[in-house]
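S.K.: Handing you a structure now.
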Amino acid sequence: MEQVPSAGRLVQITVTEGYDLKGFKGDTPVTFIRAEFNQVVLGDSAKITVSPEGSAKYNFTSSFEFNPEGGITLDDLAHKPVFLTVTEVLPKEKKQKEEKTLILGQAVVDLLPLLEGQSAFQTTVPLHPVQGSPLETPRSSAKQCSLEVKVLVAEPLLTTAQISGGNLLKVTLEAAYSVPESFIPTGPGQNYMVGLQVPSLGEKDYPILFKNGTLNGNHSEAKACYERTISFVMDASEMHFIFLRLGLIYLEEKEYEKAKKTYMQACKRSPSCLTWLGLGIACYRLEELTEAEDALSEANALNNYNAEVWAYLALVCLKVGRQLEAEQAYKYMIKLKLKDEALLAEIHTLQETVGFGNPSF
C-alpha cells in the first residue's frame with residue numbers, strides 16, 4: 001500500500017467500559033486492562049472494581065504513533081490488531097509481599113477502519129476467556145462478556161484519492177462448513193480462528209487471521225453455499241467433499257430427488273463408497289429399489305466394512321422379499337456395529353412387518 005508522506009500521528013485507543021465481568025475470587029473482582037500493539041505494551045489501566053452487575057468503567061486511554069516514514073506503518077495497521085488483556089488482581093493474603101494476578105480474558109480490536117477513511121470509530125469487542133477463566137461461564141445478563149472501545153486519530157490517515165487509488169487487499173471469510181466433529185465443544189462454547197498466508201513479493205508471506213468464529217449448525221446457509229460452489233466450480237479437484245456434504249443435507253431435509261442428482265454427479269466424477277451409498281439411500285427413499293440395490297452393491301464392492309451399506313441392503317432385500325439375503329445383510333450390519341439407532345429401529349420395524357429378516361425370529 002502507498003505510504004503517506006506526513007509527520008507522525010497519534011492513534012488513541014480508549015476502553016470505556018467492560019460488561020458481564022467476574023473473577024476467580026468472586027463477582028466483584030479488582031481488574032485492570034493492558035493494551036498492546038505490534039508486540040509493544042502501550043500501557044495499563046487503573047485498577048477498577050467490577051460492579052455487582054458485572055460492569056466496570058475503565059475510561060482507559062492508550063496510544064501509539066503512526067509514522068509512515070518509520071516505525072508503525074500502514075501495513076502494520078492493516079494486519080495487526082490491538083490486544084486488550086483483562087487481568088484480575090487477587091486480594092493479598094497474610095505475609096504476602098508481591099501482588100498476585102490472574103488473566104481473565106483477551107479481546108482484539110481491528111484497526112482496518114482507519115485505512116478506510118475513518119478518523120474515529122466505536123466498537124464492542126467480545127472478551128474471550130482464557131482456559132479455566134470464570135468468564136467461561138457467562139452471567140445471566142443480556143450483555144455478552146465484552147469491552148466497549150473507541151479509536152481516534154486527529155484526522156484521517158488517508159485522503160479520498162489515496163483510498164480510491166490504493167491496493168488494500170480485503171479478504172472476507174463468510175463461513176466454514178462441515179467442520180470436524182472435534183470442533184464441537186463438550187463444555188462451554190468456543191471461538192475459532194482461521195488463518196491463511198497471502199503471497200507477497202517480500203521476503204515472507206503475510207498471515208491473515210479470521211477471528212471470533214462460532215458454530216451454528218445452519219443447514220440452509222451451508223446448502224446455499226454448496227449449491228453456489230457447484231454451480232460455478234465444475235473443474236475443481238476437491239469437489240468430492242462438496243458433493244458429499246450437499247447430498248447429505250438434501251437427504252436430511254428429505255429432498256431425495258436433489259440428493260439423487262447430486263450423488264449421481266459425484267459418482268460420475270469421483271466414485272467412492274460414500275457417493276454410491278448416498279445414491280443408494282436417495283433411490284431407496286424414492287422407492288426405486290432396483291437402482292438402490294445397484295448403487296449399494298457398488299458401494300459394498302468398494303468397502304464391505306461399512307455398516308450403513310449393509311443396513312440399506314437389508315432394507316432393500318426386506319422390501320423385495322428376499323429373506324436369506326436380508327438376514328445375511330442384517331448379520332453383517334450387526335457385526336460391524338451400526339451406530340445409527342434410528343436406522344436400526346427402521347429395520348426392526350420392517351422386519352416385524354414382513355415377518356422375516358432377523359435370525360432371532
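As shown in the C-alpha cells, the chain order sets the letters A, B, ...; within each chain, residues go from 1, and ligands are also counted from 1 in the order they appear.
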So that I can see what lies close to Gly321 in chain A, please list as number ranges by chain the residues with an atom at most 9 Å from it, counting only C-alpha atoms and leaving out residues fewer than 5 positions away in the same chain.
M.R.: A: 316, 326, 354, 356
S.K.: Just want the 9 Å neighbourhood of Thr14 in chain A, counted on only C-alpha atoms, with same-chain residues fewer than 5 positions away dropped. Output as a ChimeraX atom specification.
M.R.: /A:58-63,148-152
S.K.: Between CA of Lys260 in chain A and CA of Cys283 in chain A, what distance in Å does the model show, to one decimal?
M.R.: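 The value is 6.7 Å.
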S.K.: Quick one: pull the distance between CA of His348 in chain A and CA of Tyr330 in chain A, Å, one decimal.
M.R.: 10.0 Å
